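Student: Contents of input.csv (CSV, C-alpha atoms) are below:
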```csv
chain,number,residue,atom,x,y,z
S,286,MET,CA,1.7,-6.8,14.8
S,287,ARG,CA,-2.1,-6.8,15.2
S,288,THR,CA,-4.7,-7.7,12.6
S,289,GLU,CA,-8.5,-7.0,12.8
S,290,ARG,CA,-11.2,-7.8,10.3
S,291,HIS,CA,-13.5,-5.0,9.3
S,292,GLY,CA,-16.0,-6.6,6.9
S,293,ARG,CA,-13.9,-7.4,3.8
S,294,VAL,CA,-11.0,-5.3,4.9
S,295,LEU,CA,-8.0,-6.5,7.0
S,296,LEU,CA,-6.6,-3.8,9.3
S,297,ILE,CA,-2.9,-4.4,9.8
S,298,THR,CA,-1.3,-2.4,12.7
S,299,LEU,CA,2.4,-2.1,13.3
S,300,HIS,CA,2.6,-2.6,17.0
S,301,ARG,CA,6.0,-1.5,18.5
S,302,PRO,CA,4.9,1.9,19.9
S,303,HIS,CA,7.7,2.0,22.4
S,304,ALA,CA,10.2,1.8,19.5
S,305,ARG,CA,8.3,4.2,17.2
S,306,ASN,CA,7.2,1.1,15.2
S,307,ALA,CA,10.8,0.7,14.0
S,308,VAL,CA,11.2,-2.5,11.9
S,309,ASN,CA,13.0,-5.3,13.6
S,310,PRO,CA,13.2,-9.0,12.4
S,311,ALA,CA,10.0,-10.0,14.2
S,312,LEU,CA,8.0,-7.1,12.8
S,313,ALA,CA,9.2,-7.9,9.2
S,314,ALA,CA,8.2,-11.6,9.6
S,315,SER,CA,4.8,-10.7,11.1
S,316,LEU,CA,4.0,-8.1,8.4
S,317,GLU,CA,4.8,-10.6,5.7
S,318,SER,CA,2.5,-13.1,7.5
S,319,ALA,CA,-0.3,-10.6,7.7
S,320,VAL,CA,-0.1,-9.9,4.0
S,321,ASP,CA,-0.2,-13.7,3.4
S,322,ASP,CA,-3.5,-13.8,5.4
S,323,LEU,CA,-4.9,-11.0,3.3
S,324,GLU,CA,-3.9,-12.6,0.0
S,325,HIS,CA,-5.1,-16.1,0.9
S,326,ASP,CA,-8.4,-15.3,2.5
S,327,GLU,CA,-11.1,-15.2,-0.3
S,328,ASP,CA,-13.4,-13.2,2.0
S,329,LEU,CA,-10.9,-10.3,2.3
S,330,TRP,CA,-10.7,-7.9,-0.6
S,331,ALA,CA,-8.5,-5.1,0.6
S,332,GLY,CA,-6.2,-4.0,3.5
S,333,VAL,CA,-5.3,-1.0,5.6
S,334,LEU,CA,-1.8,-0.6,7.0
S,335,THR,CA,-1.3,1.7,10.0
S,336,GLY,CA,0.8,2.1,13.1
S,337,GLU,CA,0.1,2.1,16.8
S,338,GLY,CA,1.0,5.3,18.7
S,339,PRO,CA,2.1,8.7,17.6
S,340,VAL,CA,4.4,7.5,14.8
S,341,PHE,CA,3.4,5.4,11.8
S,342,CYS,CA,6.9,4.0,11.4
S,343,ALA,CA,10.4,5.4,12.0
S,344,GLY,CA,12.0,3.0,9.6
S,345,ALA,CA,14.6,0.3,10.4
S,346,ASP,CA,15.5,-0.5,14.0
S,347,LEU,CA,18.9,1.1,14.2
S,348,ASN,CA,20.0,-1.3,16.9
S,349,THR,CA,19.7,-4.0,14.4
S,350,VAL,CA,21.5,-2.0,11.7
S,351,ALA,CA,24.3,-0.9,14.1
S,352,GLY,CA,24.8,-4.6,15.0
S,353,GLY,CA,25.5,-5.4,11.3
S,354,ASN,CA,22.2,-7.3,11.0
S,355,PHE,CA,20.3,-5.3,8.4
S,356,PRO,CA,19.7,-8.4,6.2
S,357,GLU,CA,17.5,-9.7,9.1
S,358,LEU,CA,15.0,-6.9,8.3
S,359,LEU,CA,14.4,-8.3,4.8
S,360,THR,CA,12.5,-11.3,3.7
S,361,HIS,CA,13.0,-13.3,0.5
S,362,ARG,CA,9.5,-12.5,-0.9
S,363,GLY,CA,9.0,-9.0,0.5
S,364,GLY,CA,12.3,-7.3,0.8
S,365,PHE,CA,12.5,-4.7,3.6
S,366,ALA,CA,9.9,-5.3,6.3
S,367,GLY,CA,8.6,-8.2,4.4
S,368,PHE,CA,6.6,-5.7,2.4
S,369,VAL,CA,8.1,-3.2,0.1
S,370,ARG,CA,8.8,-5.6,-2.8
S,371,ARG,CA,6.0,-8.1,-2.1
S,372,GLU,CA,4.0,-9.2,-5.0
S,373,ARG,CA,0.3,-9.1,-4.1
S,374,SER,CA,-3.1,-8.9,-5.8
S,375,LYS,CA,-5.2,-7.0,-3.3
S,376,PRO,CA,-5.1,-3.2,-2.7
S,377,ILE,CA,-3.7,-1.9,0.5
S,378,VAL,CA,-4.3,1.7,1.8
S,379,ALA,CA,-1.7,3.3,4.2
S,380,ALA,CA,-3.2,5.2,7.1
S,381,LEU,CA,-0.7,7.7,8.5
S,382,ASP,CA,-1.8,9.2,11.8
S,383,GLY,CA,1.9,9.9,12.6
S,384,ASP,CA,5.1,10.5,10.8
S,385,ALA,CA,6.4,8.1,8.2
S,386,LEU,CA,10.2,8.4,8.1
S,387,ALA,CA,13.0,6.5,6.3
S,388,GLY,CA,11.7,2.9,6.0
S,389,GLY,CA,8.4,4.1,7.3
S,390,MET,CA,7.9,6.3,4.2
S,391,GLU,CA,9.0,3.3,2.1
S,392,LEU,CA,6.3,1.2,3.7
S,393,ALA,CA,3.8,3.9,2.9
S,394,ILE,CA,4.7,4.3,-0.7
S,395,ALA,CA,4.6,0.6,-1.2
S,396,CYS,CA,0.9,0.7,-0.5
S,397,ASP,CA,-1.5,1.5,-3.3
S,398,LEU,CA,-3.0,4.6,-1.7
S,399,ILE,CA,-2.1,6.8,1.2
S,400,ILE,CA,-4.3,8.7,3.6
S,401,ALA,CA,-2.4,11.1,5.9
S,402,ALA,CA,-3.4,13.2,8.9
S,403,GLU,CA,-2.8,16.9,8.6
S,404,GLY,CA,0.7,17.8,9.9
S,405,VAL,CA,2.1,14.3,9.4
S,406,ARG,CA,5.6,14.4,7.9
S,407,LEU,CA,7.2,12.0,5.4
S,408,GLY,CA,10.9,11.8,4.5
S,409,ILE,CA,13.9,9.7,3.7
S,410,PRO,CA,16.6,11.1,6.2
S,411,GLU,CA,19.0,8.2,5.7
S,412,THR,CA,21.8,10.4,4.3
S,413,ALA,CA,22.0,12.1,7.7
S,414,ARG,CA,23.1,8.8,9.2
S,415,SER,CA,25.4,7.8,6.2
S,416,LEU,CA,22.7,5.4,5.0
S,417,LEU,CA,20.7,5.1,1.8
S,418,ALA,CA,16.9,4.6,1.3
S,419,ILE,CA,17.2,1.3,-0.5
S,420,GLY,CA,13.7,0.1,0.5
S,421,GLY,CA,12.1,2.0,-2.3
S,422,GLY,CA,12.9,5.6,-1.5
S,423,LEU,CA,15.6,6.0,-4.1
S,424,ALA,CA,14.0,3.5,-6.6
S,425,ASN,CA,10.4,4.6,-6.5
S,426,LEU,CA,10.1,8.2,-5.4
S,427,PRO,CA,11.5,9.8,-8.6
S,428,ARG,CA,8.7,8.1,-10.5
S,429,LEU,CA,6.0,9.0,-7.9
S,430,ILE,CA,6.9,12.6,-7.3
S,431,GLY,CA,9.4,13.6,-9.9
S,432,GLU,CA,13.2,13.5,-10.0
S,433,LYS,CA,13.8,17.0,-8.6
S,434,ALA,CA,11.5,16.5,-5.6
S,435,ALA,CA,13.0,13.1,-4.9
S,436,LEU,CA,16.5,14.5,-5.0
S,437,GLU,CA,15.6,17.3,-2.5
S,438,LEU,CA,14.1,14.8,-0.1
S,439,ALA,CA,17.1,12.4,-0.4
S,440,LEU,CA,19.9,15.0,-0.3
S,441,THR,CA,18.6,17.3,2.4
S,442,ALA,CA,17.3,14.5,4.6
S,443,ALA,CA,14.5,16.9,5.7
S,444,PRO,CA,11.0,15.5,5.9
S,445,TRP,CA,8.1,17.2,4.1
S,446,PRO,CA,4.5,17.7,5.4
S,447,ALA,CA,1.9,15.5,3.9
S,448,GLU,CA,0.1,18.6,2.5
S,449,ARG,CA,3.1,19.3,0.2
S,450,LEU,CA,3.4,15.7,-0.9
S,451,ALA,CA,-0.4,15.7,-1.6
S,452,THR,CA,0.2,18.5,-4.2
S,453,LEU,CA,2.7,16.1,-6.0
S,454,GLY,CA,0.1,13.3,-6.1
S,455,LEU,CA,1.8,11.0,-3.5
S,456,ILE,CA,-1.0,11.4,-0.9
S,457,SER,CA,-4.5,10.5,-1.9
S,458,ARG,CA,-6.0,12.9,0.7
S,459,THR,CA,-5.2,14.6,4.0
S,460,VAL,CA,-7.7,14.4,6.9
S,461,PRO,CA,-7.9,15.9,10.4
S,462,ALA,CA,-5.5,14.7,13.0
S,463,GLY,CA,-6.4,11.3,14.5
S,464,THR,CA,-8.8,10.3,11.7
S,465,ALA,CA,-6.5,8.7,9.1
S,466,ARG,CA,-7.2,5.2,10.2
S,467,ASP,CA,-11.0,5.6,10.0
S,468,ALA,CA,-10.7,7.4,6.7
S,469,ALA,CA,-8.5,4.7,5.2
S,470,LEU,CA,-11.0,2.0,6.4
S,471,ASP,CA,-13.8,4.0,4.7
S,472,LEU,CA,-11.8,4.2,1.5
S,473,ALA,CA,-10.9,0.5,1.6
S,474,THR,CA,-14.5,-0.4,2.2
S,475,GLU,CA,-15.6,1.8,-0.7
S,476,ILE,CA,-13.1,-0.2,-2.9
S,477,CYS,CA,-14.6,-3.4,-1.6
S,478,GLY,CA,-18.0,-2.3,-2.9
S,479,ASN,CA,-16.8,-2.9,-6.4
S,480,ALA,CA,-16.2,-6.2,-8.2
S,481,PRO,CA,-13.1,-7.6,-6.6
S,482,LEU,CA,-11.7,-9.3,-9.8
S,483,ALA,CA,-12.2,-6.1,-11.7
S,484,VAL,CA,-10.4,-4.1,-9.0
S,485,ARG,CA,-7.4,-6.5,-9.1
S,486,GLY,CA,-7.4,-6.3,-12.9
S,487,ALA,CA,-7.4,-2.5,-12.9
S,488,ARG,CA,-4.6,-2.5,-10.4
S,489,ARG,CA,-2.5,-5.0,-12.4
S,490,ALA,CA,-3.0,-3.0,-15.6
S,491,ILE,CA,-1.9,0.3,-14.1
S,492,LEU,CA,1.1,-1.1,-12.2
S,493,ALA,CA,2.3,-3.4,-15.0
S,494,GLY,CA,2.0,-0.5,-17.5
S,495,ARG,CA,4.5,1.8,-15.6
S,496,ASP,CA,7.3,1.3,-18.0
S,497,HIS,CA,5.4,0.4,-21.2
S,498,THR,CA,4.4,2.4,-24.2
S,499,GLU,CA,0.9,3.7,-24.6
S,500,ASP,CA,0.0,1.0,-27.1
S,501,GLU,CA,1.3,-1.6,-24.7
S,502,ARG,CA,-0.8,-0.1,-21.9
S,503,TRP,CA,-3.9,-0.3,-24.1
S,504,ALA,CA,-3.2,-4.0,-24.7
S,505,LEU,CA,-2.7,-4.7,-21.0
S,506,ALA,CA,-6.1,-3.2,-20.2
S,507,GLU,CA,-7.7,-5.2,-23.0
S,508,ARG,CA,-6.2,-8.4,-21.8
S,509,GLU,CA,-7.4,-7.8,-18.3
S,510,LEU,CA,-11.0,-7.2,-19.6
S,511,ALA,CA,-10.8,-10.4,-21.7
S,512,ALA,CA,-9.8,-12.4,-18.6
S,513,LEU,CA,-12.8,-11.0,-16.7
S,514,GLU,CA,-15.3,-12.0,-19.4
S,515,GLY,CA,-15.5,-15.6,-18.3
S,516,THR,CA,-16.2,-14.8,-14.7
S,517,GLN,CA,-19.5,-14.8,-12.8
S,518,ASP,CA,-19.0,-11.3,-11.6
S,519,TYR,CA,-18.6,-10.0,-15.2
S,520,HIS,CA,-22.1,-11.2,-16.0
S,521,GLU,CA,-23.5,-10.1,-12.6
S,522,GLY,CA,-22.4,-6.5,-13.3
S,523,SER,CA,-24.6,-6.1,-16.4
S,524,ARG,CA,-27.5,-8.2,-15.0
S,525,SER,CA,-27.7,-6.2,-11.8
S,526,PHE,CA,-27.7,-3.0,-13.8
S,527,VAL,CA,-30.6,-4.2,-16.0
S,528,ALA,CA,-32.5,-5.4,-13.0
S,529,LYS,CA,-31.9,-2.1,-11.2
S,530,ARG,CA,-30.5,-3.8,-8.1
S,531,ALA,CA,-27.3,-3.8,-6.2
S,532,PRO,CA,-24.7,-6.3,-7.6
S,533,ARG,CA,-23.9,-9.3,-5.6
S,534,TRP,CA,-20.2,-9.9,-6.1
S,535,THR,CA,-18.7,-13.3,-5.4
S,536,GLY,CA,-15.1,-12.8,-6.6
S,537,ARG,CA,-15.6,-15.7,-9.1
```
Give the structure from this file in structure tokens form.
Tutor:
Amino acid sequence: MRTERHGRVLLITLHRPHARNAVNPALAASLESAVDDLEHDEDLWAGVLTGEGPVFCAGADLNTVAGGNFPELLTHRGGFAGFVRRERSKPIVAALDGDALAGGMELAIACDLIIAAEGVRLGIPETARSLLAIGGGLANLPRLIGEKAALELALTAAPWPAERLATLGLISRTVPAGTARDAALDLATEICGNAPLAVRGARRAILAGRDHTEDERWALAERELAALEGTQDYHEGSRSFVAKRAPRWTGR
């Protein structure tokens, strides 16, 4: 695992290119630690998750699975790869310059946004190995792309091109080959240009409202705004607008 700071963005790179960035116990632990760094550093406001080499991530290390040690690929706080069920406050953009398959797709959909290079494939081929996509593929894909599309992905085990998944709303945008990392960094930097507490509040309201009624979603958004009203950045937003200057966000 490698991490690099790009202004207020933490770039997190899966670094097992010789193994197609397959998740082993060490990678799961280091990914969880990288997210800890992002969450705890007040100067970092967003992250980008990418993979070294021609593949974003091929999923679980099958040597670990075949040895009966799949639980070693999970952490208590994050689930598979220390990431897919991790509670966090800061947005993370997935940058796919290579295929995201099995657990690799599950890592991608656990991010807030996905940028994918043209021609990249995503899929949950676990049924072809008598396995199941329990890292979020079966649980989250029906909500993200619809039940019928999720069924086809799961039952056929065939990956789909990013372009097809973009039409279903899973991919934020597709970009020319080899440019996904830079495009994701640009998107994360754009997000960091906004008030960080407001970004986190908007993210919480949208994600927490998934299974609520419309009235409850209205209430969630109103509570998040009420929480912002006592912050320095809340007042800075209106003051900078009146003064016709760029806002100076502090995250406080």
Student: Tell me which protein, DNA and RNA residues are within 9 Å of Val333 of chain S, counting all atoms listed in the file, leaving out same-chain ones fewer than 3 positions away, and put them as number ranges by chain.
Tutor: S: 294-298, 376-380, 396, 466, 469-470, 473
Student: Rank nothing, just name the residue among S:Gly352, S:Gly404, S:Gly421, S:Gly522 nearest to Ala435 of chain S, using all atoms listed in the file.
Tutor: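 The answer is S:Gly421, which sits nearest to Ala435 of chain S.
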Student: Looking at S:Asn348, S:Ser415, S:Arg371, S:Gly336, which one is nearest to Asp384 of chain S, with distances taken over only C-alpha atoms?
Tutor: S:Gly336
Student: With distances taken over only C-alpha atoms, which residue among S:Ala345, S:Ile491, S:Ser525, S:Leu386 lies nearest Val308 of chain S?
Tutor: S:Ala345
Student: Kindly give the distance, in Å, that separates atom CA of Asp518 of chain S and atom CA of Leu482 of chain S, rounded to a single decimal.
Tutor: 7.8 Å
Student: I'd like the interatomic distance between atom CA of Ala439 of chain S and atom CA of Ala418 of chain S, to a tenth of an Å.
Tutor: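 Those two atoms sit 8.0 Å apart.
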Student: Around the point (-6.8, 22.0, 12.7) in the file's coordinates, collect all residues with an atom within 12 Å, using all atoms listed in the file, and return them as a list of chain:residue names.
Tutor: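 Those residues, ordered by chain and then number, are S:Ala402, S:Glu403, S:Gly404, S:Thr459, S:Val460, S:Pro461, S:Ala462, S:Gly463, S:Thr464.
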Student: What is the atom CA of Ala504 of chain S to atom CA of Lys375 of chain S distance in Å?
Tutor: 21.7 Å
Student: Got a minute to add all heavy atoms to segment 302-313 of chain S and dump it as a compact mmCIF listing (two decimals), keeping the file's coordinate frame?
Tutor:
```txt
# COMPACT_ATOMS: atom_id res chain seq x y z
N PRO S 302 4.98 0.51 19.56
CA PRO S 302 4.90 1.90 19.90
C PRO S 302 6.08 2.44 20.71
O PRO S 302 6.51 3.59 20.57
CB PRO S 302 3.58 2.12 20.57
CG PRO S 302 3.23 0.76 21.08
CD PRO S 302 3.78 -0.20 20.09
N HIS S 303 6.60 1.56 21.58
CA HIS S 303 7.70 2.00 22.40
C HIS S 303 8.99 2.21 21.60
O HIS S 303 9.90 2.90 22.06
CB HIS S 303 8.01 0.85 23.44
CG HIS S 303 8.38 -0.46 22.82
ND1 HIS S 303 7.42 -1.28 22.24
CD2 HIS S 303 9.57 -1.08 22.65
CE1 HIS S 303 8.02 -2.37 21.76
NE2 HIS S 303 9.32 -2.27 21.99
N ALA S 304 9.05 1.67 20.38
CA ALA S 304 10.20 1.80 19.50
C ALA S 304 9.82 2.60 18.24
O ALA S 304 10.48 2.48 17.21
CB ALA S 304 10.79 0.49 19.14
N ARG S 305 8.76 3.41 18.32
CA ARG S 305 8.30 4.20 17.20
C ARG S 305 7.98 3.29 15.98
O ARG S 305 8.12 3.68 14.83
CB ARG S 305 9.30 5.28 16.81
CG ARG S 305 9.47 6.32 17.90
CD ARG S 305 10.75 7.15 17.73
NE ARG S 305 10.79 7.85 16.46
CZ ARG S 305 10.25 9.05 16.23
NH1 ARG S 305 9.61 9.67 17.21
NH2 ARG S 305 10.37 9.63 15.06
N ASN S 306 7.55 2.07 16.29
CA ASN S 306 7.20 1.10 15.20
C ASN S 306 8.35 0.82 14.28
O ASN S 306 8.13 0.50 13.10
CB ASN S 306 5.94 1.49 14.49
CG ASN S 306 4.72 1.50 15.38
OD1 ASN S 306 4.55 0.63 16.24
ND2 ASN S 306 3.87 2.50 15.22
N ALA S 307 9.58 0.96 14.78
CA ALA S 307 10.80 0.70 14.00
C ALA S 307 10.75 -0.83 13.59
O ALA S 307 10.32 -1.68 14.38
CB ALA S 307 12.04 1.02 14.69
N VAL S 308 11.22 -1.13 12.40
CA VAL S 308 11.20 -2.50 11.90
C VAL S 308 12.33 -3.31 12.43
O VAL S 308 13.50 -3.00 12.20
CB VAL S 308 11.22 -2.47 10.34
CG1 VAL S 308 11.25 -3.90 9.80
CG2 VAL S 308 10.03 -1.70 9.77
N ASN S 309 11.98 -4.35 13.18
CA ASN S 309 13.00 -5.30 13.60
C ASN S 309 12.66 -6.66 12.91
O ASN S 309 11.68 -6.74 12.17
CB ASN S 309 13.00 -5.46 15.14
CG ASN S 309 11.71 -6.03 15.71
OD1 ASN S 309 10.75 -6.30 14.99
ND2 ASN S 309 11.67 -6.21 17.02
N PRO S 310 13.47 -7.70 13.09
CA PRO S 310 13.20 -9.00 12.40
C PRO S 310 11.81 -9.53 12.65
O PRO S 310 11.16 -10.04 11.74
CB PRO S 310 14.31 -9.88 12.86
CG PRO S 310 15.45 -8.95 13.19
CD PRO S 310 14.79 -7.74 13.78
N ALA S 311 11.35 -9.43 13.90
CA ALA S 311 10.00 -10.00 14.20
C ALA S 311 8.93 -9.24 13.52
O ALA S 311 7.96 -9.84 13.03
CB ALA S 311 9.82 -9.96 15.75
N LEU S 312 9.03 -7.91 13.46
CA LEU S 312 8.00 -7.10 12.80
C LEU S 312 7.99 -7.46 11.28
O LEU S 312 6.92 -7.59 10.68
CB LEU S 312 8.20 -5.64 13.00
CG LEU S 312 7.08 -4.72 12.49
CD1 LEU S 312 6.94 -3.50 13.40
CD2 LEU S 312 7.33 -4.28 11.06
N ALA S 313 9.17 -7.60 10.67
CA ALA S 313 9.20 -7.90 9.20
C ALA S 313 8.55 -9.26 8.96
O ALA S 313 7.77 -9.39 8.01
CB ALA S 313 10.69 -7.97 8.77
```
